[in-house]
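Listing of target.cif, mmCIF, C-alpha atoms
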data_structure
#
loop_
_atom_site.label_atom_id
_atom_site.label_comp_id
_atom_site.auth_asym_id
_atom_site.auth_seq_id
_atom_site.Cartn_x
_atom_site.Cartn_y
_atom_site.Cartn_z
CA MET A 190 17.22 -21.15 -4.73
CA SER A 191 20.18 -21.00 -2.37
CA ASP A 192 21.63 -17.99 -4.19
CA THR A 193 18.46 -15.95 -4.64
CA GLY A 194 19.29 -13.69 -1.73
CA ASP A 195 21.64 -11.83 -4.08
CA ALA A 196 18.64 -10.55 -6.00
CA GLY A 197 17.52 -8.57 -2.98
CA ARG A 198 20.98 -7.38 -1.95
CA GLY A 199 21.85 -4.01 -3.39
CA ALA A 200 18.64 -3.94 -5.38
CA ASP A 201 18.42 -0.18 -5.02
CA ARG A 202 22.08 0.84 -4.76
CA ASP A 203 21.40 4.51 -5.31
CA GLY A 204 19.67 4.77 -1.94
CA ARG A 205 16.29 5.68 -3.37
CA GLY A 206 14.42 2.66 -2.08
CA ASP A 207 11.63 4.88 -0.78
CA ARG A 208 10.74 5.79 -4.35
CA ILE A 209 8.99 2.41 -4.64
CA ARG A 210 6.26 3.81 -2.44
CA GLY A 211 3.80 6.27 -3.89
CA GLU A 212 1.62 8.89 -2.30
CA ALA A 213 -2.13 8.85 -2.71
CA ARG A 214 -3.36 11.46 -5.16
CA GLY A 215 -6.52 13.44 -4.52
CA HIS A 216 -8.92 11.40 -2.40
CA ALA A 217 -7.85 7.96 -3.62
CA PRO A 218 -7.30 5.58 -0.67
CA VAL A 219 -4.09 4.30 -2.29
CA PRO A 220 -2.01 5.43 -5.29
CA LEU A 221 -3.62 4.72 -8.66
CA SER A 222 -1.53 3.57 -11.63
CA VAL A 223 -2.00 2.36 -15.20
CA LEU A 224 -1.35 -1.09 -16.67
CA ASP A 225 -1.28 -0.73 -20.44
CA LEU A 226 -1.80 -3.74 -22.72
CA VAL A 227 -1.72 -1.49 -25.82
CA THR A 228 -4.90 -3.14 -27.07
CA VAL A 229 -5.72 -3.05 -30.78
CA GLY A 230 -9.39 -2.81 -31.72
CA SER A 231 -11.02 -4.01 -34.90
CA GLY A 232 -10.69 -1.28 -37.52
CA SER A 233 -7.60 0.18 -35.82
CA THR A 234 -3.87 -0.45 -36.19
CA ALA A 235 -0.92 -0.90 -33.86
CA HIS A 236 0.06 2.67 -34.78
CA ASP A 237 -3.30 3.91 -33.46
CA SER A 238 -2.92 1.90 -30.26
CA LEU A 239 0.57 3.18 -29.57
CA ARG A 240 -0.67 6.74 -30.03
CA THR A 241 -3.40 5.96 -27.49
CA SER A 242 -0.73 4.77 -25.07
CA VAL A 243 0.98 8.15 -25.34
CA ASP A 244 -2.37 9.89 -24.75
CA ILE A 245 -2.99 7.75 -21.66
CA ALA A 246 0.51 8.32 -20.29
CA ARG A 247 0.23 12.09 -20.71
CA LEU A 248 -3.22 12.16 -19.14
CA ALA A 249 -2.07 9.91 -16.30
CA GLU A 250 0.89 12.19 -15.62
CA SER A 251 -1.24 15.32 -15.67
CA ARG A 252 -3.79 13.81 -13.26
CA GLY A 253 -1.38 12.36 -10.73
CA TYR A 254 -1.45 8.65 -11.52
CA HIS A 255 1.68 7.15 -10.01
CA ARG A 256 2.96 4.73 -12.69
CA HIS A 257 2.34 3.65 -16.26
CA TRP A 258 3.41 0.06 -16.87
CA VAL A 259 3.42 -1.87 -20.15
CA ALA A 260 2.88 -5.64 -20.29
CA GLU A 261 4.77 -8.10 -22.50
CA HIS A 262 2.59 -10.26 -24.78
CA HIS A 263 3.38 -12.13 -27.99
CA SER A 264 1.47 -13.43 -31.01
CA MET A 265 -1.80 -11.85 -29.88
CA PRO A 266 -3.49 -9.78 -32.58
CA GLY A 267 -5.41 -7.76 -29.97
CA VAL A 268 -2.33 -6.34 -28.26
CA ALA A 269 0.74 -4.46 -29.51
CA SER A 270 3.00 -4.73 -26.47
CA SER A 271 5.54 -7.34 -27.51
CA SER A 272 8.48 -4.99 -26.79
CA PRO A 273 7.96 -3.14 -23.50
CA ALA A 274 11.39 -1.47 -23.48
CA VAL A 275 10.80 0.07 -26.91
CA ILE A 276 7.37 1.37 -25.91
CA LEU A 277 8.68 2.72 -22.60
CA ALA A 278 11.39 4.68 -24.38
CA HIS A 279 8.69 6.23 -26.56
CA LEU A 280 6.55 7.08 -23.53
CA ALA A 281 9.57 8.56 -21.74
CA ALA A 282 10.01 10.96 -24.65
CA HIS A 283 6.45 12.22 -24.20
CA THR A 284 6.35 12.53 -20.39
CA SER A 285 8.47 14.11 -17.67
CA ARG A 286 7.35 12.90 -14.23
CA ILE A 287 5.29 9.72 -14.19
CA ARG A 288 7.08 6.46 -13.37
CA LEU A 289 7.30 4.08 -16.32
CA GLY A 290 7.89 0.36 -16.17
CA SER A 291 7.27 -3.17 -17.31
CA GLY A 292 4.29 -5.05 -16.04
CA GLY A 293 6.15 -7.07 -16.84
CA VAL A 294 9.11 -8.35 -18.77
CA MET A 295 8.82 -12.14 -18.97
CA LEU A 296 12.40 -12.89 -17.98
CA PRO A 297 12.62 -16.50 -19.26
CA ASN A 298 12.01 -15.13 -22.77
CA HIS A 299 15.25 -13.13 -22.63
CA ALA A 300 18.91 -13.20 -21.72
CA PRO A 301 19.39 -11.36 -18.39
CA LEU A 302 22.19 -9.25 -19.87
CA ALA A 303 19.88 -8.01 -22.63
CA ILE A 304 17.25 -6.91 -20.09
CA ALA A 305 19.88 -5.26 -17.89
CA GLU A 306 21.09 -3.24 -20.86
CA GLN A 307 17.60 -2.35 -22.10
CA PHE A 308 16.52 -1.06 -18.71
CA GLY A 309 19.90 0.51 -18.01
CA THR A 310 19.32 2.47 -21.20
CA LEU A 311 15.82 3.45 -20.08
CA GLU A 312 17.17 4.59 -16.70
CA ALA A 313 19.75 6.72 -18.52
CA LEU A 314 17.01 8.24 -20.68
CA ALA A 315 14.58 8.89 -17.81
CA PRO A 316 16.60 8.86 -14.57
CA GLY A 317 14.67 7.90 -11.48
CA ARG A 318 11.47 7.07 -13.37
CA ILE A 319 11.93 3.46 -14.46
CA ASP A 320 10.57 0.27 -12.82
CA LEU A 321 11.63 -3.22 -13.89
CA GLY A 322 8.76 -5.62 -13.24
CA LEU A 323 9.56 -9.28 -13.95
CA GLY A 324 7.45 -12.37 -14.51
CA ARG A 325 8.24 -15.99 -15.32
CA ALA A 326 5.26 -16.86 -17.55
CA PRO A 327 5.77 -16.74 -21.34
CA GLY A 328 3.13 -14.08 -21.98
CA THR A 329 1.74 -16.19 -24.80
CA ASP A 330 0.86 -19.75 -25.83
CA GLY A 331 3.24 -22.71 -25.72
CA ARG A 332 4.05 -22.74 -29.43
CA THR A 333 4.96 -19.07 -29.46
CA ALA A 334 6.98 -19.51 -26.27
CA ALA A 335 8.94 -22.26 -28.00
CA ALA A 336 9.63 -19.87 -30.87
CA LEU A 337 10.88 -17.28 -28.37
CA ARG A 338 12.94 -19.54 -26.13
CA GLY A 339 13.79 -22.50 -28.33
CA PRO A 340 12.16 -25.95 -28.44
CA GLY A 341 12.33 -28.01 -25.27
CA ARG A 342 13.14 -25.08 -22.99
CA LEU A 343 9.66 -24.21 -21.66
CA ASP A 344 9.82 -26.11 -18.37
CA GLU A 345 13.53 -25.50 -17.99
CA ALA A 346 13.10 -21.73 -18.50
CA ALA A 347 10.46 -21.42 -15.77
CA GLU A 348 12.57 -23.45 -13.32
CA GLU A 349 15.60 -21.27 -14.02
CA PHE A 350 13.78 -18.05 -13.14
CA PRO A 351 15.44 -17.59 -9.69
CA ARG A 352 18.90 -18.09 -11.23
CA GLN A 353 18.11 -15.65 -14.03
CA LEU A 354 16.89 -13.14 -11.47
CA VAL A 355 20.18 -13.30 -9.58
CA GLU A 356 22.13 -12.96 -12.82
CA LEU A 357 20.06 -9.96 -13.91
CA THR A 358 20.59 -8.29 -10.53
CA ARG A 359 24.34 -8.78 -10.70
CA PHE A 360 24.45 -7.30 -14.21
CA LEU A 361 22.45 -4.28 -12.99
CA ASP A 362 24.81 -3.81 -10.04
CA ASP A 363 27.96 -4.80 -11.96
CA ASP A 364 29.13 -6.95 -9.07
CA PHE A 365 29.81 -10.51 -10.19
CA PRO A 366 32.44 -11.95 -7.83
CA ASP A 367 36.02 -12.52 -8.92
CA GLY A 368 36.36 -15.80 -10.73
CA HIS A 369 32.79 -15.78 -12.04
CA PRO A 370 32.58 -16.35 -15.83
CA TYR A 371 30.80 -12.99 -16.17
CA ALA A 372 33.06 -11.01 -13.82
CA ARG A 373 34.44 -8.98 -16.73
CA VAL A 374 31.11 -8.64 -18.56
CA HIS A 375 29.46 -5.26 -18.03
CA ALA A 376 25.90 -4.20 -18.79
CA VAL A 377 25.96 -0.81 -20.48
CA PRO A 378 24.64 1.71 -19.69
CA GLY A 379 25.48 0.70 -16.13
CA PRO A 380 27.70 1.26 -13.09
CA VAL A 381 30.90 0.62 -15.05
CA GLN A 382 30.32 4.01 -16.71
CA GLY A 383 30.06 5.92 -13.46
CA PRO A 384 27.68 6.47 -10.53
CA ALA A 385 24.08 6.28 -11.61
CA GLY A 386 20.73 5.05 -10.43
CA ARG A 387 19.19 1.85 -11.59
CA PRO A 388 15.58 0.68 -11.84
CA PRO A 389 14.08 -1.05 -8.80
CA LEU A 390 13.02 -4.66 -9.32
CA TRP A 391 9.47 -5.89 -8.85
CA LEU A 392 8.19 -9.44 -9.03
CA LEU A 393 4.89 -10.06 -10.80
CA GLY A 394 2.72 -13.12 -10.61
CA SER A 395 -0.62 -14.85 -10.46
CA SER A 396 0.35 -17.65 -8.09
CA GLY A 397 2.06 -18.35 -4.80
CA PHE A 398 5.47 -18.93 -6.42
CA SER A 399 6.20 -15.28 -7.20
CA ALA A 400 4.54 -14.13 -3.97
CA ARG A 401 6.86 -16.32 -1.91
CA LEU A 402 9.95 -15.39 -3.92
CA ALA A 403 9.19 -11.65 -3.66
CA ALA A 404 8.76 -12.07 0.09
CA GLU A 405 11.99 -14.04 0.43
CA LEU A 406 13.95 -11.34 -1.43
CA GLY A 407 12.21 -8.39 0.21
CA LEU A 408 10.94 -7.05 -3.12
CA PRO A 409 7.66 -5.31 -3.98
CA PHE A 410 5.04 -7.65 -5.43
CA ALA A 411 2.40 -7.07 -8.12
CA TYR A 412 -0.44 -9.60 -8.37
CA ALA A 413 -2.52 -10.10 -11.53
CA HIS A 414 -5.97 -9.85 -9.98
CA HIS A 415 -7.39 -8.87 -13.37
CA PHE A 416 -7.07 -12.41 -14.73
CA SER A 417 -6.66 -14.55 -11.61
CA ALA A 418 -8.97 -13.00 -9.05
CA ALA A 419 -9.58 -16.22 -7.09
CA GLY A 420 -5.95 -16.37 -6.01
CA THR A 421 -5.55 -12.74 -4.94
CA LEU A 422 -6.12 -13.05 -1.20
CA PRO A 423 -4.08 -16.27 -0.73
CA ALA A 424 -1.14 -14.83 -2.71
CA LEU A 425 -1.15 -11.53 -0.80
CA GLU A 426 -1.43 -13.33 2.53
CA LEU A 427 1.51 -15.56 1.63
CA TYR A 428 3.58 -12.56 0.56
CA ARG A 429 2.87 -10.63 3.75
CA GLN A 430 3.34 -13.55 6.13
CA THR A 431 6.69 -14.63 4.66
CA PHE A 432 8.14 -11.19 3.85
CA ARG A 433 11.74 -10.55 4.87
CA PRO A 434 12.87 -6.91 5.16
CA SER A 435 15.63 -5.93 2.74
CA ALA A 436 17.68 -2.97 1.60
CA VAL A 437 14.79 -2.17 -0.74
CA LEU A 438 11.79 -2.51 1.57
CA ASP A 439 11.33 -2.68 5.30
CA ALA A 440 7.72 -3.86 4.94
CA PRO A 441 5.65 -5.62 2.25
CA TYR A 442 4.37 -3.51 -0.64
CA ALA A 443 1.66 -5.12 -2.76
CA VAL A 444 0.11 -3.82 -5.97
CA ILE A 445 -2.82 -5.52 -7.66
CA GLY A 446 -3.72 -5.22 -11.33
CA VAL A 447 -7.43 -4.54 -11.75
CA SER A 448 -9.64 -4.40 -14.84
CA ALA A 449 -11.63 -1.18 -14.53
CA LEU A 450 -13.52 0.99 -16.97
CA ALA A 451 -15.67 4.04 -16.29
CA ALA A 452 -18.06 5.67 -18.75
CA ASP A 453 -20.78 8.29 -18.63
CA THR A 454 -23.48 5.61 -18.32
CA ASP A 455 -23.70 2.00 -17.21
CA GLU A 456 -24.79 1.03 -20.71
CA GLN A 457 -21.72 2.58 -22.33
CA ALA A 458 -19.39 0.93 -19.85
CA ARG A 459 -21.06 -2.47 -20.29
CA ALA A 460 -20.80 -2.20 -24.09
CA GLN A 461 -17.05 -1.53 -23.91
CA VAL A 462 -16.13 -4.18 -21.34
CA LEU A 463 -18.14 -6.79 -23.23
CA THR A 464 -15.75 -6.32 -26.14
CA GLY A 465 -12.85 -7.24 -23.87
CA ALA A 466 -14.72 -10.24 -22.49
CA LEU A 467 -15.46 -11.56 -25.98
CA SER A 468 -11.83 -11.03 -26.93
CA MET A 469 -10.71 -13.05 -23.90
CA LEU A 470 -13.23 -15.79 -24.70
CA ARG A 471 -11.80 -16.10 -28.20
CA LEU A 472 -8.24 -16.11 -26.85
CA ARG A 473 -9.01 -18.85 -24.32
CA SER A 474 -10.69 -20.96 -27.01
CA GLY A 475 -7.72 -20.67 -29.39
CA ARG A 476 -9.24 -18.01 -31.67
CA PRO A 477 -7.36 -14.80 -30.80
CA GLY A 478 -8.09 -11.70 -32.81
CA LEU A 479 -8.44 -7.93 -32.67
CA ILE A 480 -10.68 -6.52 -29.94
CA PRO A 481 -14.20 -6.65 -31.45
CA THR A 482 -16.42 -3.60 -31.76
CA PRO A 483 -19.28 -3.06 -29.28
CA GLU A 484 -21.71 -3.80 -32.11
CA GLU A 485 -20.03 -7.13 -32.86
CA ALA A 486 -20.00 -8.08 -29.20
CA ALA A 487 -23.68 -7.12 -28.79
CA ARG A 488 -24.85 -9.35 -31.63
CA TYR A 489 -22.59 -12.31 -30.83
CA GLY A 490 -24.58 -15.47 -30.10
CA PHE A 491 -23.06 -16.76 -26.84
CA SER A 492 -23.63 -20.42 -26.06
CA PRO A 493 -24.62 -21.22 -22.45
CA LEU A 494 -21.03 -22.27 -21.68
CA GLU A 495 -19.64 -19.14 -23.31
CA ARG A 496 -22.12 -16.97 -21.42
CA GLU A 497 -20.99 -18.57 -18.18
CA PHE A 498 -17.37 -17.72 -18.99
CA VAL A 499 -18.20 -14.13 -19.96
CA ASP A 500 -20.32 -13.54 -16.86
CA GLY A 501 -17.54 -14.92 -14.67
CA TRP A 502 -14.97 -12.73 -16.40
CA LEU A 503 -17.06 -9.57 -16.12
CA ALA A 504 -17.70 -10.24 -12.42
CA ASN A 505 -14.08 -9.20 -11.84
CA VAL A 506 -14.14 -6.15 -14.11
CA VAL A 507 -15.05 -3.04 -12.16
CA HIS A 508 -17.19 -1.04 -14.59
CA GLY A 509 -20.00 1.49 -14.66
CA THR A 510 -20.30 5.18 -13.95
CA PRO A 511 -17.30 6.90 -12.33
CA ASP A 512 -18.86 6.84 -8.87
CA GLU A 513 -19.75 3.16 -9.22
CA VAL A 514 -16.23 2.27 -10.30
CA ARG A 515 -14.76 4.30 -7.45
CA ALA A 516 -16.96 2.45 -4.98
CA GLY A 517 -15.90 -0.89 -6.45
CA LEU A 518 -12.21 0.00 -6.31
CA ASP A 519 -12.46 1.31 -2.76
CA ALA A 520 -14.15 -1.94 -1.72
CA LEU A 521 -11.38 -3.94 -3.38
CA VAL A 522 -8.70 -2.00 -1.49
CA LYS A 523 -10.55 -2.62 1.77
CA ARG A 524 -10.91 -6.33 1.02
CA THR A 525 -7.31 -6.94 -0.09
CA GLY A 526 -5.31 -4.31 1.76
CA ALA A 527 -3.53 -3.47 -1.50
CA ASP A 528 -0.96 -0.67 -1.24
CA GLU A 529 -1.58 0.46 -4.83
CA LEU A 530 -4.04 -0.25 -7.64
CA MET A 531 -2.86 -0.65 -11.22
CA LEU A 532 -5.84 -0.15 -13.51
CA THR A 533 -6.12 -1.75 -16.93
CA SER A 534 -8.95 -1.00 -19.35
CA ASN A 535 -9.45 -3.69 -21.95
CA ALA A 536 -11.88 -2.15 -24.43
CA HIS A 537 -12.27 -1.76 -28.18
CA SER A 538 -12.07 2.01 -28.25
CA GLY A 539 -8.88 3.88 -27.46
CA ALA A 540 -10.95 6.98 -26.81
CA ALA A 541 -13.04 5.06 -24.26
CA ARG A 542 -9.88 3.97 -22.45
CA VAL A 543 -8.50 7.51 -22.30
CA ARG A 544 -11.85 8.86 -21.11
CA SER A 545 -12.10 6.19 -18.42
CA TYR A 546 -8.82 7.23 -16.80
CA GLY A 547 -9.93 10.86 -16.91
CA LEU A 548 -13.33 10.09 -15.40
CA LEU A 549 -11.77 8.09 -12.58
CA ALA A 550 -9.34 10.91 -11.84
CA ASP A 551 -12.37 13.20 -11.57
CA ALA A 552 -14.19 10.73 -9.32
CA TYR A 553 -11.23 10.69 -6.94
CA GLY A 554 -10.71 14.44 -7.03
CA MET A 555 -7.25 14.10 -8.55
CA PRO A 556 -6.26 17.64 -9.58
CA VAL A 557 -5.12 18.58 -13.05
CA ARG A 558 -1.38 19.25 -12.96
CA GLU A 559 0.50 21.36 -15.43
CA GLN A 560 2.47 19.09 -17.75
CA GLY A 561 6.23 19.50 -17.66
CA ALA A 562 8.54 19.39 -20.63
CA ALA A 563 8.92 15.90 -22.03
CA THR A 564 12.14 14.06 -21.38
CA ALA A 565 14.67 14.62 -24.13
CA VAL A 566 15.60 11.33 -25.80
#

Go ahead and express the file in the form of structure tokens.
Amino acid sequence: MSDTGDAGRGADRDGRGDRIRGEARGHAPVPLSVLDLVTVGSGSTAHDSLRTSVDIARLAESRGYHRHWVAEHHSMPGVASSSPAVILAHLAAHTSRIRLGSGGVMLPNHAPLAIAEQFGTLEALAPGRIDLGLGRAPGTDGRTAAALRGPGRLDEAAEEFPRQLVELTRFLDDDFPDGHPYARVHAVPGPVQGPAGRPPLWLLGSSGFSARLAAELGLPFAYAHHFSAAGTLPALELYRQTFRPSAVLDAPYAVIGVSALAADTDEQARAQVLTGALSMLRLRSGRPGLIPTPEEAARYGFSPLEREFVDGWLANVVHGTPDEVRAGLDALVKRTGADELMLTSNAHSGAARVRSYGLLADAYGMPVREQGAATAV
């Protein structure tokens, strides 16, 4: 990791480092954002789910949510987010203000040049609105990761993450030193074509590795509280204690991903989040599928061990009426000191997900904003 300092240097060449920070909307204690898994419910299609993502992005923009990020997952029937860059281009065409980004791109699955060009293209399509969040996990199971990366490269790919990060940064900045094998290789769109902005880098993680690396490089850090809640406080403490100021940030900036769903009643919210819990149970037991319906989840015969897993999972899903969810989120901010919350709603119904984001905007007094013209693509 002797060369990883390059990943922080020049990470926001256009001088817009302060754009990483958001402003609280309405009465929210910190900025609220969206983490979109593009979930696919039983009886629906990927087409339906991608339309829901557009609906959520447009609602989020109109209500003052700060970002809309899309996660990378593979070989999971219940999600349709295998290609974040493609989805983000689609969302950019239907929005005009909200920041869009990856939450995240799993860098070891890709060549750094390919990611630099994908996100350089996105930045050209939606200037000043793109975030490039990076993770080192495969975003899938081992067999699928082998299909993505090639057999025998799983451990090697994870260990090479810091090197890949440096390489990606140099492609984004077009500044490989003279004599480097890639000195005459240019990511396009990119700086070789003229002065332009480029997306800020974020590191994502669910362990101390990414927290420490983000701190070392002076980058913003996003922690996956929604599926690794036990490690949230240790990871954030490590990030803050070891943070080194950089050209990008002069102080730590930590986002946490949170599972949250609001509905008109407790019963409705419980019915929807139970579908996500059953889906996760099936995924963890090697039986992935589409997100089940509330009716299927309600009649499922949970074994004692399965019930223990589901109860533990739901303990970290903030759900209920809008006021109850707001209280839970406010308590989480107070407990963790998070600078921003990124809310994900894992439910069967796309309509329930859209309504949840609207209800939470109401609960926080986030005003309705007139929607601007969508970005031309």

With the file shown as input, list the residues that the PyMOL selection byres ((chain A and resi 252-255) around 8) selects, as a PDB file with C-alpha atoms, in the frame of the given file.
ATOM      1  CA  GLY A 211       3.800   6.270  -3.890  1.00  0.00           C
ATOM      2  CA  GLU A 212       1.620   8.890  -2.300  1.00  0.00           C
ATOM      3  CA  ARG A 214      -3.360  11.460  -5.160  1.00  0.00           C
ATOM      4  CA  PRO A 220      -2.010   5.430  -5.290  1.00  0.00           C
ATOM      5  CA  LEU A 221      -3.620   4.720  -8.660  1.00  0.00           C
ATOM      6  CA  SER A 222      -1.530   3.570 -11.630  1.00  0.00           C
ATOM      7  CA  VAL A 223      -2.000   2.360 -15.200  1.00  0.00           C
ATOM      8  CA  LEU A 248      -3.220  12.160 -19.140  1.00  0.00           C
ATOM      9  CA  ALA A 249      -2.070   9.910 -16.300  1.00  0.00           C
ATOM     10  CA  GLU A 250       0.890  12.190 -15.620  1.00  0.00           C
ATOM     11  CA  SER A 251      -1.240  15.320 -15.670  1.00  0.00           C
ATOM     12  CA  ARG A 256       2.960   4.730 -12.690  1.00  0.00           C
ATOM     13  CA  HIS A 257       2.340   3.650 -16.260  1.00  0.00           C
ATOM     14  CA  ILE A 287       5.290   9.720 -14.190  1.00  0.00           C
ATOM     15  CA  ARG A 288       7.080   6.460 -13.370  1.00  0.00           C
ATOM     16  CA  GLY A 547      -9.930  10.860 -16.910  1.00  0.00           C
ATOM     17  CA  ALA A 550      -9.340  10.910 -11.840  1.00  0.00           C
ATOM     18  CA  MET A 555      -7.250  14.100  -8.550  1.00  0.00           C
ATOM     19  CA  PRO A 556      -6.260  17.640  -9.580  1.00  0.00           C
ATOM     20  CA  VAL A 557      -5.120  18.580 -13.050  1.00  0.00           C
ATOM     21  CA  ARG A 558      -1.380  19.250 -12.960  1.00  0.00           C
TER      22      ARG A 558
END

Residues matched by the PyMOL selection byres ((chain A and resi 264-280) around 6) as a PyMOL selection string: chain A and resi 227-229+235+243+259+261-263+281-283+478-480

Determine, counting all atoms listed in the file, which protein, DNA and RNA residues have an atom within 8 Å of an atom of region 519-534 of chain A; residues of the same chain fewer than 4 positions away are not included. Present the result as a PyMOL selection string. chain A and resi 211+218-226+421-422+425+442-450+515+542+545

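Take the PyMOL selection byres ((chain A and resi 232) around 9) and apply it to this file: it picks A:Val229, A:Gly230, A:Ser231, A:Ser233, A:Thr234, A:Leu479, A:Pro481, A:Thr482.
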
One decimal, in Å: what's the spacing between CA of Tyr553 (chain A) and CA of Leu239 (chain A)? 26.6 Å

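Comparing A:Tyr546, A:Val499, A:Arg325, A:Ile319 by their smallest distance to Ala246 (chain A), the closest is A:Tyr546 (using all atoms listed in the file).
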
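The coordinates place CA of Gly475 (chain A) at 17.7 Å from CA of Gly490 (chain A).
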
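The spacing separating CA of Tyr489 (chain A) from CA of Leu467 (chain A) amounts to 8.7 Å.
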
Using all atoms listed in the file, find the one residue out of A:Phe365, A:Phe350, A:Phe308, A:Phe416 that sits nearest to Phe398 (chain A). A:Phe350

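Across A:Gly379, A:Pro441, A:Pro389, A:Ser238, the tightest approach to Leu289 (chain A) is made by A:Pro389 when counting all atoms listed in the file.
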
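Nearest to Arg352 (chain A) of all the residues A:His216, A:Arg286, A:Ala418, A:Pro301 is A:Pro301, based on only C-alpha atoms.
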
Gly322 (chain A): which residues within 9 Å, counting all atoms listed in the file, same-chain residues fewer than 4 positions away excluded, as number ranges by chain? A: 258, 290-295, 389-393, 410-411

To test the calculation: enclose all listed atoms of region 252-261 of chain A in a box whose edges run along x, y and z, add 5 Å on each side, then state centre and edge lengths in Å to one decimal, as AutoDock Vina command-line options.
--center_x 0.5 --center_y 2.9 --center_z -16.3 --size_x 18.6 --size_y 31.9 --size_z 22.5

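You can rank A:Thr510, A:Ser468, A:Thr241, A:Ser395 by their closest distance to Ala552 (chain A) using only C-alpha atoms, and at the top of that list sits A:Thr510.
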
In terms of the shortest atom-to-atom distance over all atoms listed in the file, which of A:Glu405, A:Ala451, A:Glu349, A:Glu485 is closest to Ala516 (chain A)? A:Ala451
